[in-house]
>>> print(open('model_36.txt').read())   # compact mmCIF, C-alpha atoms
# COMPACT_ATOMS: atom_id res chain seq x y z
CA MET A 400 -51.33 -114.07 94.25
CA LEU A 401 -47.78 -112.66 94.59
CA LYS A 402 -49.07 -109.14 93.90
CA ASN A 403 -51.74 -109.47 96.60
CA SER A 404 -49.17 -110.84 99.07
CA LEU A 405 -46.83 -107.92 98.41
CA LEU A 406 -49.64 -105.38 98.77
CA GLY A 407 -50.68 -107.03 102.03
CA PHE A 408 -47.10 -106.87 103.32
CA PHE A 409 -46.66 -103.18 102.51
CA ARG A 410 -49.97 -102.32 104.17
CA HIS A 411 -48.97 -104.03 107.40
CA GLU A 412 -47.74 -101.84 110.29
CA SER A 413 -44.59 -103.91 110.71
CA SER A 414 -43.52 -103.69 107.04
CA THR A 415 -41.34 -100.60 107.52
CA GLY A 416 -39.50 -102.14 110.47
CA ILE A 417 -38.94 -105.37 108.53
CA LEU A 418 -37.58 -103.46 105.53
CA LEU A 419 -35.27 -101.42 107.77
CA MET A 420 -33.96 -104.61 109.33
CA LEU A 421 -33.42 -106.29 105.95
CA MET A 422 -31.61 -103.26 104.50
CA THR A 423 -29.41 -103.04 107.61
CA LEU A 424 -28.45 -106.71 107.25
CA LEU A 425 -27.82 -106.21 103.52
CA ALA A 426 -25.59 -103.20 104.18
CA MET A 427 -23.49 -105.11 106.71
CA ILE A 428 -23.21 -108.14 104.43
CA VAL A 429 -22.12 -106.01 101.46
CA ALA A 430 -19.69 -103.97 103.59
CA ASN A 431 -17.99 -107.20 104.68
CA SER A 432 -17.84 -108.87 101.28
CA PRO A 433 -15.84 -108.43 98.06
CA LEU A 434 -18.54 -105.91 97.09
CA LYS A 435 -17.32 -103.41 99.71
CA SER A 436 -15.48 -101.28 97.14
CA TYR A 437 -18.69 -100.95 95.14
CA TYR A 438 -20.63 -100.06 98.30
CA ASP A 439 -18.13 -97.32 99.16
CA ALA A 440 -18.17 -96.07 95.57
CA PHE A 441 -21.97 -95.94 95.70
CA LEU A 442 -21.94 -93.86 98.90
CA ASN A 443 -19.35 -91.47 97.50
CA THR A 444 -20.92 -91.05 94.06
CA PRO A 445 -20.68 -87.30 93.36
CA VAL A 446 -24.03 -85.66 92.64
CA ALA A 447 -24.25 -81.97 91.76
CA VAL A 448 -27.07 -79.59 90.95
CA VAL A 449 -26.01 -76.29 89.38
CA VAL A 450 -28.36 -73.41 88.58
CA GLY A 451 -26.46 -70.30 87.53
CA HIS A 452 -24.15 -69.35 90.39
CA LEU A 453 -25.97 -71.67 92.81
CA SER A 454 -24.26 -75.03 93.19
CA ILE A 455 -25.06 -77.96 95.47
CA ALA A 456 -22.45 -80.71 95.16
CA LYS A 457 -22.46 -83.61 97.61
CA PRO A 458 -21.71 -87.33 97.65
CA LEU A 459 -24.79 -89.55 97.36
CA LEU A 460 -24.65 -90.39 101.08
CA LEU A 461 -25.26 -86.74 102.00
CA TRP A 462 -28.00 -86.35 99.40
CA VAL A 463 -29.81 -89.13 101.21
CA ASN A 464 -29.13 -87.74 104.69
CA ASP A 465 -29.69 -84.06 103.87
CA GLY A 466 -32.13 -84.30 100.97
CA LEU A 467 -34.31 -87.40 101.08
CA MET A 468 -34.49 -87.30 104.88
CA ALA A 469 -35.96 -83.78 104.59
CA ILE A 470 -38.98 -85.49 103.00
CA PHE A 471 -39.18 -87.81 106.02
CA PHE A 472 -39.09 -84.77 108.32
CA PHE A 473 -41.75 -83.11 106.15
CA MET A 474 -44.03 -86.08 106.82
CA VAL A 475 -43.19 -85.81 110.54
CA GLY A 476 -44.17 -82.12 110.43
CA LEU A 477 -47.50 -83.00 108.80
CA GLU A 478 -48.19 -85.66 111.44
CA ILE A 479 -47.40 -83.22 114.26
CA LYS A 480 -49.68 -80.61 112.66
CA ARG A 481 -52.58 -83.07 112.28
CA GLU A 482 -52.22 -84.39 115.84
CA ALA A 483 -52.05 -80.84 117.24
CA VAL A 484 -55.12 -79.65 115.34
CA GLU A 485 -57.46 -82.63 115.57
CA GLY A 486 -55.63 -85.54 117.24
CA GLU A 487 -54.19 -86.62 120.58
CA LEU A 488 -52.06 -83.47 121.00
CA ARG A 489 -55.22 -81.33 121.30
CA ASP A 490 -56.16 -82.61 124.73
CA LEU A 491 -53.59 -81.47 127.28
CA ARG A 492 -54.96 -83.93 129.83
CA LYS A 493 -54.37 -86.86 127.47
CA VAL A 494 -51.02 -85.61 126.23
CA ALA A 495 -49.49 -84.84 129.65
CA ALA A 496 -48.45 -88.42 130.48
CA PRO A 497 -46.87 -89.26 127.08
CA ALA A 498 -45.31 -85.78 126.99
CA MET A 499 -43.67 -86.32 130.37
CA ALA A 500 -42.68 -89.83 129.25
CA ALA A 501 -41.00 -88.34 126.18
CA VAL A 502 -39.10 -85.82 128.32
CA GLY A 503 -37.88 -88.57 130.63
CA GLY A 504 -37.09 -90.74 127.62
CA MET A 505 -34.79 -88.02 126.29
CA LEU A 506 -33.25 -86.84 129.56
CA LEU A 507 -32.22 -90.12 131.22
CA PRO A 508 -30.59 -91.67 128.11
CA ALA A 509 -28.50 -88.51 127.74
CA LEU A 510 -27.45 -88.83 131.40
CA PHE A 511 -26.50 -92.50 130.95
CA TYR A 512 -24.43 -91.62 127.88
CA SER A 513 -22.77 -88.72 129.68
CA ALA A 514 -21.87 -90.93 132.63
CA PHE A 515 -19.69 -93.04 130.31
CA ASN A 516 -18.20 -90.14 128.34
CA TRP A 517 -17.94 -87.20 130.75
CA GLY A 518 -14.65 -85.38 130.41
CA ASN A 519 -14.18 -86.39 126.77
CA PRO A 520 -15.34 -83.40 124.68
CA GLY A 521 -15.19 -85.29 121.39
CA ALA A 522 -17.23 -88.24 122.64
CA MET A 523 -19.71 -85.94 124.40
CA LYS A 524 -20.85 -84.70 120.98
CA GLY A 525 -22.94 -87.86 120.83
CA TRP A 526 -24.93 -87.24 124.03
CA ALA A 527 -28.23 -86.96 122.13
CA ILE A 528 -27.88 -90.20 120.15
CA PRO A 529 -29.76 -92.48 122.61
CA SER A 530 -32.49 -89.88 123.19
CA ALA A 531 -34.47 -90.86 120.07
CA THR A 532 -37.20 -93.47 119.51
CA ASP A 533 -37.86 -95.15 116.15
CA ILE A 534 -41.64 -95.20 115.87
CA ALA A 535 -41.68 -97.51 112.82
CA PHE A 536 -39.83 -100.29 114.63
CA ALA A 537 -41.60 -99.79 117.97
CA LEU A 538 -45.12 -99.78 116.51
CA GLY A 539 -44.19 -102.68 114.24
CA ILE A 540 -43.28 -104.81 117.25
CA LEU A 541 -46.46 -103.78 119.08
CA SER A 542 -48.50 -104.85 116.04
CA LEU A 543 -46.93 -108.33 116.24
CA LEU A 544 -48.51 -108.73 119.68
CA GLY A 545 -52.05 -108.44 118.27
CA ASN A 546 -54.80 -108.16 120.90
CA ARG A 547 -52.35 -108.84 123.72
CA VAL A 548 -51.97 -105.07 123.96
CA PRO A 549 -54.86 -102.57 123.66
CA THR A 550 -55.07 -100.11 120.78
CA VAL A 551 -54.79 -97.17 123.20
CA LEU A 552 -51.31 -98.37 124.14
CA LYS A 553 -50.26 -97.87 120.51
CA LEU A 554 -51.76 -94.37 120.61
CA PHE A 555 -49.78 -93.64 123.79
CA LEU A 556 -46.57 -94.79 122.10
CA LEU A 557 -47.41 -92.82 118.93
CA THR A 558 -48.00 -89.62 120.93
CA LEU A 559 -44.80 -90.20 122.91
CA ALA A 560 -42.84 -90.71 119.68
CA ILE A 561 -44.26 -87.56 118.06
CA ILE A 562 -43.20 -85.46 121.06
CA ASP A 563 -39.88 -87.32 121.04
CA ASP A 564 -39.44 -86.29 117.40
CA LEU A 565 -40.16 -82.68 118.35
CA GLY A 566 -37.47 -82.90 121.01
CA ALA A 567 -35.01 -84.37 118.50
CA ILE A 568 -35.79 -81.54 116.08
CA VAL A 569 -35.06 -78.94 118.77
CA ILE A 570 -31.83 -80.73 119.71
CA ILE A 571 -30.66 -80.79 116.08
CA ALA A 572 -31.48 -77.10 115.66
CA LEU A 573 -29.73 -76.02 118.87
CA PHE A 574 -26.74 -78.35 119.15
CA TYR A 575 -25.87 -79.61 115.67
CA THR A 576 -25.67 -76.35 113.77
CA SER A 577 -22.40 -74.66 112.81
CA GLY A 578 -20.81 -72.21 110.36
CA LEU A 579 -23.87 -69.99 109.97
CA SER A 580 -24.37 -67.94 106.80
CA TYR A 581 -26.41 -64.86 107.69
CA LEU A 582 -27.35 -64.20 104.06
CA ALA A 583 -28.83 -67.68 103.75
CA LEU A 584 -30.52 -67.31 107.15
CA THR A 585 -32.14 -64.10 105.90
CA VAL A 586 -33.58 -66.03 102.94
CA VAL A 587 -34.80 -68.69 105.39
CA ALA A 588 -36.52 -66.05 107.54
CA VAL A 589 -38.16 -64.35 104.53
CA THR A 590 -39.39 -67.70 103.18
CA ILE A 591 -40.89 -68.63 106.55
CA LEU A 592 -42.65 -65.25 106.71
CA ILE A 593 -44.16 -65.87 103.28
CA LEU A 594 -45.30 -69.35 104.34
CA TRP A 595 -46.87 -67.84 107.48
CA TRP A 596 -48.61 -65.14 105.42
CA MET A 597 -49.97 -67.74 102.98
CA ASN A 598 -51.28 -69.82 105.87
CA ARG A 599 -52.95 -66.81 107.52
CA ARG A 600 -54.49 -65.73 104.21
CA GLY A 601 -56.04 -69.15 103.77
CA VAL A 602 -54.01 -70.27 100.76
CA THR A 603 -54.76 -73.98 100.33
CA ASN A 604 -52.70 -74.80 97.23
CA ASN A 605 -50.27 -77.41 98.55
CA ALA A 606 -48.10 -77.14 95.41
CA ALA A 607 -47.37 -73.47 96.20
CA TYR A 608 -46.21 -74.41 99.70
CA ILE A 609 -44.00 -77.20 98.37
CA LEU A 610 -42.33 -74.89 95.82
CA LEU A 611 -41.52 -72.46 98.61
CA GLY A 612 -40.40 -75.46 100.66
CA ILE A 613 -37.74 -76.24 98.05
CA VAL A 614 -36.45 -72.67 98.36
CA LEU A 615 -36.51 -73.06 102.14
CA TRP A 616 -34.57 -76.34 101.94
CA VAL A 617 -31.82 -74.86 99.72
CA ALA A 618 -31.50 -71.76 101.92
CA THR A 619 -31.39 -73.86 105.08
CA LEU A 620 -28.77 -76.14 103.53
CA LYS A 621 -26.60 -73.13 102.72
CA SER A 622 -27.21 -71.48 106.10
CA GLY A 623 -25.40 -74.03 108.25
CA VAL A 624 -28.60 -75.16 110.00
CA HIS A 625 -29.33 -78.77 109.15
CA ALA A 626 -31.42 -78.83 105.99
CA THR A 627 -33.86 -81.50 107.19
CA LEU A 628 -35.38 -78.97 109.60
CA ALA A 629 -36.84 -77.22 106.56
CA GLY A 630 -39.07 -80.24 106.05
CA VAL A 631 -40.54 -79.96 109.55
CA VAL A 632 -41.15 -76.21 109.19
CA LEU A 633 -42.88 -76.69 105.84
CA GLY A 634 -45.10 -79.44 107.25
CA LEU A 635 -46.25 -77.20 110.10
CA PHE A 636 -47.33 -74.45 107.70
CA ILE A 637 -49.44 -76.64 105.37
CA PRO A 638 -53.04 -75.66 106.28
CA ILE A 639 -55.42 -78.32 107.53
CA LYS A 640 -58.52 -76.25 108.29
CA ASN A 641 -60.60 -75.77 105.12
CA ASN A 642 -58.05 -78.02 103.42
CA ARG A 643 -58.47 -81.28 105.34
CA GLU A 644 -59.02 -83.64 102.42
CA SER A 645 -56.06 -82.29 100.48
CA PHE A 646 -53.90 -82.26 103.62
CA LEU A 647 -54.67 -85.89 104.43
CA ALA A 648 -54.13 -86.90 100.80
CA LEU A 649 -50.70 -85.24 100.84
CA GLU A 650 -49.75 -86.93 104.12
CA HIS A 651 -50.99 -90.30 102.89
CA SER A 652 -49.11 -89.95 99.59
CA LEU A 653 -45.83 -89.68 101.52
CA HIS A 654 -46.21 -92.88 103.52
CA VAL A 655 -45.16 -95.33 100.80
CA PRO A 656 -42.13 -93.41 99.44
CA VAL A 657 -40.92 -92.48 102.93
CA ASN A 658 -41.56 -95.75 104.77
CA HIS A 659 -40.74 -98.16 101.96
CA VAL A 660 -38.06 -96.30 99.98
CA ILE A 661 -36.42 -93.38 101.82
CA LEU A 662 -36.05 -94.93 105.28
CA PRO A 663 -34.81 -98.32 103.98
CA LEU A 664 -32.34 -96.49 101.70
CA PHE A 665 -31.22 -94.37 104.66
CA ALA A 666 -30.64 -97.57 106.65
CA PHE A 667 -28.68 -99.13 103.78
CA VAL A 668 -26.28 -96.20 103.29
CA ASN A 669 -25.70 -95.60 107.02
CA THR A 670 -25.28 -99.07 108.52
CA GLY A 671 -22.59 -100.67 106.37
CA ILE A 672 -20.23 -101.43 109.26
CA ASP A 673 -16.96 -103.06 108.20
CA PHE A 674 -16.19 -105.63 110.91
CA ALA A 675 -12.70 -106.37 109.55
CA GLY A 676 -11.00 -104.14 112.08
CA VAL A 677 -13.52 -104.52 114.90
CA THR A 678 -12.15 -105.83 118.19
CA LEU A 679 -13.54 -106.38 121.68
CA LYS A 680 -12.35 -102.87 122.49
CA ASP A 681 -14.91 -101.47 120.04
CA PHE A 682 -17.73 -103.19 121.93
CA THR A 683 -16.48 -101.81 125.24
CA HIS A 684 -15.74 -98.31 123.91
CA SER A 685 -17.28 -95.57 126.06
CA ILE A 686 -19.36 -94.34 123.11
CA THR A 687 -20.75 -97.82 122.45
CA LEU A 688 -21.51 -98.47 126.12
CA GLY A 689 -23.01 -95.01 126.56
CA ILE A 690 -25.40 -95.51 123.65
CA VAL A 691 -26.38 -99.08 124.60
CA SER A 692 -27.02 -98.18 128.24
CA GLY A 693 -28.86 -95.00 127.23
CA LEU A 694 -31.17 -96.80 124.81
CA PHE A 695 -31.84 -99.92 126.85
CA LEU A 696 -31.75 -98.61 130.45
CA GLY A 697 -32.17 -94.85 130.16
CA LYS A 698 -35.17 -95.04 127.85
CA GLN A 699 -37.23 -97.53 129.82
CA LEU A 700 -36.50 -95.87 133.17
CA GLY A 701 -37.09 -92.36 131.84
CA ILE A 702 -40.38 -93.20 130.12
CA PHE A 703 -41.75 -95.19 133.07
CA LEU A 704 -40.62 -92.89 135.91
CA PHE A 705 -41.73 -89.65 134.25
CA SER A 706 -45.11 -91.18 133.29
CA TRP A 707 -45.56 -92.28 136.91
CA LEU A 708 -44.63 -88.77 138.06
CA ALA A 709 -47.17 -87.18 135.68
CA VAL A 710 -49.97 -89.42 137.01
CA LYS A 711 -49.03 -89.04 140.69
CA LEU A 712 -48.86 -85.24 140.37
CA GLY A 713 -52.29 -85.18 138.74
CA MET A 714 -50.90 -83.69 135.53
CA GLY A 715 -52.30 -86.49 133.38
CA ARG A 716 -53.55 -90.05 133.39
CA LEU A 717 -52.82 -93.27 131.59
CA PRO A 718 -55.24 -94.39 128.87
CA GLU A 719 -58.12 -96.59 130.04
CA GLY A 720 -57.14 -100.26 129.94
CA VAL A 721 -53.40 -99.56 130.18
CA ASP A 722 -51.69 -100.70 133.36
CA TRP A 723 -48.21 -99.99 134.68
CA LYS A 724 -46.81 -103.31 133.48
CA MET A 725 -47.81 -102.54 129.90
CA LEU A 726 -46.41 -99.03 130.22
CA TYR A 727 -43.06 -100.45 131.31
CA GLY A 728 -43.07 -102.62 128.18
CA VAL A 729 -43.60 -99.52 126.06
CA GLY A 730 -40.64 -97.96 127.87
CA ILE A 731 -38.45 -100.88 126.84
CA LEU A 732 -39.60 -100.57 123.20
CA GLY A 733 -38.80 -96.85 123.40
CA GLY A 734 -35.14 -97.90 123.44
CA ILE A 735 -35.32 -98.75 119.74
CA GLY A 736 -33.51 -95.64 118.51
CA PHE A 737 -32.36 -96.68 115.05
CA THR A 738 -33.41 -94.14 112.37
CA MET A 739 -33.30 -90.92 114.38
CA SER A 740 -30.34 -92.14 116.45
CA LEU A 741 -28.38 -92.95 113.28
CA PHE A 742 -29.29 -89.54 111.92
CA ILE A 743 -28.15 -87.68 115.04
CA GLY A 744 -25.03 -89.85 115.14
CA SER A 745 -24.16 -88.84 111.58
CA LEU A 746 -24.31 -85.20 112.71
CA ALA A 747 -22.50 -85.71 116.01
CA PHE A 748 -19.46 -87.50 114.62
CA GLU A 749 -18.88 -85.71 111.35
CA CYS A 750 -15.13 -85.18 110.98
CA SER A 751 -14.16 -81.65 111.89
CA GLY A 752 -10.49 -80.75 112.08
CA ASP A 753 -8.73 -83.03 114.56
CA ALA A 754 -11.98 -84.10 116.26
CA CYS A 755 -12.91 -87.17 114.23
CA PHE A 756 -14.24 -90.31 115.89
CA SER A 757 -14.72 -93.69 114.28
CA PRO A 758 -18.39 -94.04 113.28
CA VAL A 759 -18.16 -97.78 113.99
CA ASP A 760 -18.49 -97.16 117.74
CA GLU A 761 -21.58 -95.03 117.29
CA ARG A 762 -23.43 -97.28 114.84
CA MET A 763 -22.62 -100.47 116.73
CA GLY A 764 -24.02 -98.97 119.91
CA ILE A 765 -27.23 -97.97 118.14
CA LEU A 766 -27.69 -101.39 116.54
CA ILE A 767 -26.94 -103.30 119.76
CA GLY A 768 -29.07 -101.06 121.99
CA SER A 769 -31.98 -101.07 119.54
CA LEU A 770 -31.81 -104.85 119.06
CA ILE A 771 -31.76 -105.58 122.81
CA SER A 772 -34.63 -103.14 123.41
CA GLY A 773 -36.73 -104.58 120.60
CA VAL A 774 -36.29 -108.21 121.62
CA ALA A 775 -36.65 -107.52 125.36
CA GLY A 776 -39.71 -105.30 124.81
CA TYR A 777 -41.46 -107.92 122.71
CA LEU A 778 -40.71 -110.78 125.13
CA TYR A 779 -41.75 -108.70 128.13
CA LEU A 780 -45.09 -107.67 126.61
CA ARG A 781 -45.63 -111.19 125.24
CA PHE A 782 -45.07 -113.10 128.46
CA PHE A 783 -45.42 -110.66 131.36
CA THR A 784 -48.57 -108.72 130.52
CA ALA A 785 -52.10 -110.01 130.45
CA LYS A 786 -53.91 -110.87 127.24
CA ASN A 787 -56.59 -108.55 125.83
CA GLY A 788 -55.55 -105.38 127.54
CA GLY A 789 -54.08 -106.49 130.84
CA GLU A 790 -56.99 -108.19 132.57
CA ASP A 791 -54.91 -109.29 135.53
CA GLY A 792 -52.64 -106.27 135.70
CA GLU A 793 -52.84 -103.33 138.02
CA LYS A 794 -55.26 -100.88 136.48
CA ALA A 795 -54.02 -97.38 135.70
CA ALA A 796 -55.06 -94.55 137.95
>>> encode(input="model_36.txt", output="structure tokens")
Amino acid sequence: MLKNSLLGFFRHESSTGILLMLMTLLAMIVANSPLKSYYDAFLNTPVAVVVGHLSIAKPLLLWVNDGLMAIFFFMVGLEIKREAVEGELRDLRKVAAPAMAAVGGMLLPALFYSAFNWGNPGAMKGWAIPSATDIAFALGILSLLGNRVPTVLKLFLLTLAIIDDLGAIVIIALFYTSGLSYLALTVVAVTILILWWMNRRGVTNNAAYILLGIVLWVATLKSGVHATLAGVVLGLFIPIKNNRESFLALEHSLHVPVNHVILPLFAFVNTGIDFAGVTLKDFTHSITLGIVSGLFLGKQLGIFLFSWLAVKLGMGRLPEGVDWKMLYGVGILGGIGFTMSLFIGSLAFECSGDACFSPVDERMGILIGSLISGVAGYLYLRFFTAKNGGEDGEKAA
């Protein structure tokens, strides 16, 4: 009975979001208890891999953020590849509205953040933090609404989040890269060329791609470009044509370890906020306010307005059965940044010389903005949209 209940929980769409929430609460409880010293020791546990003259030595926290999260990005790369080849991203007419929504959902939050932090170069490093959407949390909340929202609304949100992830990947590559090693970048380029050649030659052995992916990850880590990008690149080169069954099996095999182990562990090691020294000033800090306003206001306005613009300009259309009220609810849920926001925040506010900002401001803003967006989005869709696909709402054009 217990085994069946656990299996049922892990198969549910909302399970990842629930686990992330539980691990976040656990991290904050531990960080504010007598166990804090053990929590800090756990994060700073030295882990080293040495092969000849090659050495990778990092604290456990960075192994999670740079190593395990590369597997998460690998799964993201596979999902993008599948959607581009045979999913929603194939049809430009269908993808135009969520694509524009994703652009607006990245642009306006960045503007809201910048409005609070303009003129402060150190704080402006975090401009991209509220631009991300956590698909696990957002889809989990939509699933709690049952038939109150149509399935196509979930597909719209999924497509939006995939394009949002692509935008986050580009942002990380362009704005959070420093101290480049040209030797390592040469190895990265050669490895990518080999992956491209294998794909063009029709090589379908996934194990061969993954072995090269490990080389790519190490070279990217040493190059100064964030190592998680190697996971995305590898995912995009795994062939799906003439390899569909194996491709889908690989993607499916990653869901449990990523959604139920890696992401919860990432949440645990990155959200242990010590509230001992927190004051009202921390809640009103420009970084905190910039992130909260970007996630809660910037996201919903950007997603809704740019979707409306796409439809009015004839670039795309909303899915059948989705009205503007439901779309606005999706915009509110888009403000759940969490995983990707935490990840970008960890890159933005890494200590560098004299420019070192307290991570408390950044993480508090993400947690507050994501919580408000999640609760408000659920309540809005629950009480202000029609049951069974918006029967009394304004139909989409």
>>> closest_atom_pairs(input="model_36.txt", of="stretch 669-700 of chain A", to="stretch 532-552 of chain A", cutoff="12 Å", atoms="only C-alpha atoms", output="CSV")
residue,atom,partner,partner_atom,distance
A:Gly693,CA,A:Thr532,CA,11.5
A:Leu694,CA,A:Thr532,CA,8.7
A:Phe695,CA,A:Thr532,CA,11.1
A:Gly697,CA,A:Thr532,CA,11.9
A:Lys698,CA,A:Thr532,CA,8.7
A:Gln699,CA,A:Thr532,CA,11.1
>>> atom_distance(input="model_36.txt", atom1="atom CA of A:Val446", atom2="atom CA of A:Ala430")
21.8 Å
>>> atom_distance(input="model_36.txt", atom1="atom CA of A:Asp681", atom2="atom CA of A:Asn516")
14.4 Å
>>> closest_residue(input="model_36.txt", among="A:Leu635, A:Val668, A:Ala588, A:Val660", to="A:Val429", atoms="all atoms listed in the file")
A:Val668
>>> residues_around(input="model_36.txt", residues="A:Leu620", least_positions_apart="5", cutoff="10 Å", atoms="all atoms listed in the file", output="CSV table (one decimal) with C-alpha atoms, keeping the file's coordinate frame")
chain,number,residue,atom,x,y,z
A,455,ILE,CA,-25.1,-78.0,95.5
A,465,ASP,CA,-29.7,-84.1,103.9
A,466,GLY,CA,-32.1,-84.3,101.0
A,580,SER,CA,-24.4,-67.9,106.8
A,583,ALA,CA,-28.8,-67.7,103.8
A,584,LEU,CA,-30.5,-67.3,107.2
A,587,VAL,CA,-34.8,-68.7,105.4
A,614,VAL,CA,-36.4,-72.7,98.4
A,615,LEU,CA,-36.5,-73.1,102.1
A,625,HIS,CA,-29.3,-78.8,109.2
A,626,ALA,CA,-31.4,-78.8,106.0
A,627,THR,CA,-33.9,-81.5,107.2
A,628,LEU,CA,-35.4,-79.0,109.6
A,629,ALA,CA,-36.8,-77.2,106.6
>>> residues_near_point(input="model_36.txt", point="(-28.5, -92.7, 128.4)", cutoff="10 Å", atoms="all atoms listed in the file", output="ChimeraX atom specification")
/A:504-515,526-530,688-698,700-701,734
>>> decode(input="model_36.txt", residues="stretch 666-684 of chain A", atoms="N, CA and C atoms", output="JSON list (two decimals), in the first residue's frame")
[["chain", "number", "residue", "atom", "x", "y", "z"],
["A", 666, "ALA", "N", 17.86, 22.51, -4.66],
["A", 666, "ALA", "CA", 17.08, 23.41, -3.80],
["A", 666, "ALA", "C", 17.62, 23.38, -2.37],
["A", 667, "PHE", "N", 17.96, 22.20, -1.89],
["A", 667, "PHE", "CA", 18.43, 22.07, -0.50],
["A", 667, "PHE", "C", 19.74, 22.82, -0.27],
["A", 668, "VAL", "N", 20.68, 22.70, -1.21],
["A", 668, "VAL", "CA", 22.00, 23.31, -0.99],
["A", 668, "VAL", "C", 22.02, 24.80, -1.31],
["A", 669, "ASN", "N", 20.98, 25.31, -1.98],
["A", 669, "ASN", "CA", 21.00, 26.72, -2.38],
["A", 669, "ASN", "C", 20.01, 27.61, -1.65],
["A", 670, "THR", "N", 19.18, 27.05, -0.79],
["A", 670, "THR", "CA", 18.15, 27.89, -0.16],
["A", 670, "THR", "C", 18.24, 27.90, 1.37],
["A", 671, "GLY", "N", 19.38, 27.53, 1.90],
["A", 671, "GLY", "CA", 19.54, 27.55, 3.36],
["A", 671, "GLY", "C", 19.82, 28.95, 3.86],
["A", 672, "ILE", "N", 18.82, 29.80, 3.88],
["A", 672, "ILE", "CA", 18.98, 31.20, 4.31],
["A", 672, "ILE", "C", 19.01, 31.27, 5.83],
["A", 673, "ASP", "N", 20.05, 31.88, 6.36],
["A", 673, "ASP", "CA", 20.16, 32.08, 7.81],
["A", 673, "ASP", "C", 19.47, 33.40, 8.15],
["A", 674, "PHE", "N", 18.34, 33.31, 8.87],
["A", 674, "PHE", "CA", 17.56, 34.50, 9.18],
["A", 674, "PHE", "C", 18.04, 35.23, 10.44],
["A", 675, "ALA", "N", 19.14, 34.74, 11.02],
["A", 675, "ALA", "CA", 19.61, 35.34, 12.28],
["A", 675, "ALA", "C", 19.93, 36.83, 12.11],
["A", 676, "GLY", "N", 20.54, 37.18, 10.99],
["A", 676, "GLY", "CA", 20.92, 38.58, 10.80],
["A", 676, "GLY", "C", 20.00, 39.34, 9.88],
["A", 677, "VAL", "N", 18.86, 38.74, 9.52],
["A", 677, "VAL", "CA", 17.95, 39.38, 8.59],
["A", 677, "VAL", "C", 17.13, 40.47, 9.29],
["A", 678, "THR", "N", 17.06, 41.62, 8.66],
["A", 678, "THR", "CA", 16.27, 42.74, 9.20],
["A", 678, "THR", "C", 15.28, 43.20, 8.13],
["A", 679, "LEU", "N", 14.45, 44.16, 8.49],
["A", 679, "LEU", "CA", 13.49, 44.72, 7.54],
["A", 679, "LEU", "C", 14.21, 45.30, 6.33],
["A", 680, "LYS", "N", 15.41, 45.78, 6.55],
["A", 680, "LYS", "CA", 16.19, 46.36, 5.45],
["A", 680, "LYS", "C", 16.47, 45.34, 4.35],
["A", 681, "ASP", "N", 16.63, 44.07, 4.75],
["A", 681, "ASP", "CA", 16.88, 43.02, 3.75],
["A", 681, "ASP", "C", 15.66, 42.82, 2.85],
["A", 682, "PHE", "N", 14.47, 42.95, 3.43],
["A", 682, "PHE", "CA", 13.25, 42.78, 2.64],
["A", 682, "PHE", "C", 13.00, 43.97, 1.72],
["A", 683, "THR", "N", 13.55, 45.12, 2.07],
["A", 683, "THR", "CA", 13.35, 46.32, 1.24],
["A", 683, "THR", "C", 14.61, 46.67, 0.43],
["A", 684, "HIS", "N", 15.57, 45.76, 0.42],
["A", 684, "HIS", "CA", 16.79, 45.96, -0.37],
["A", 684, "HIS", "C", 16.42, 46.05, -1.85]]
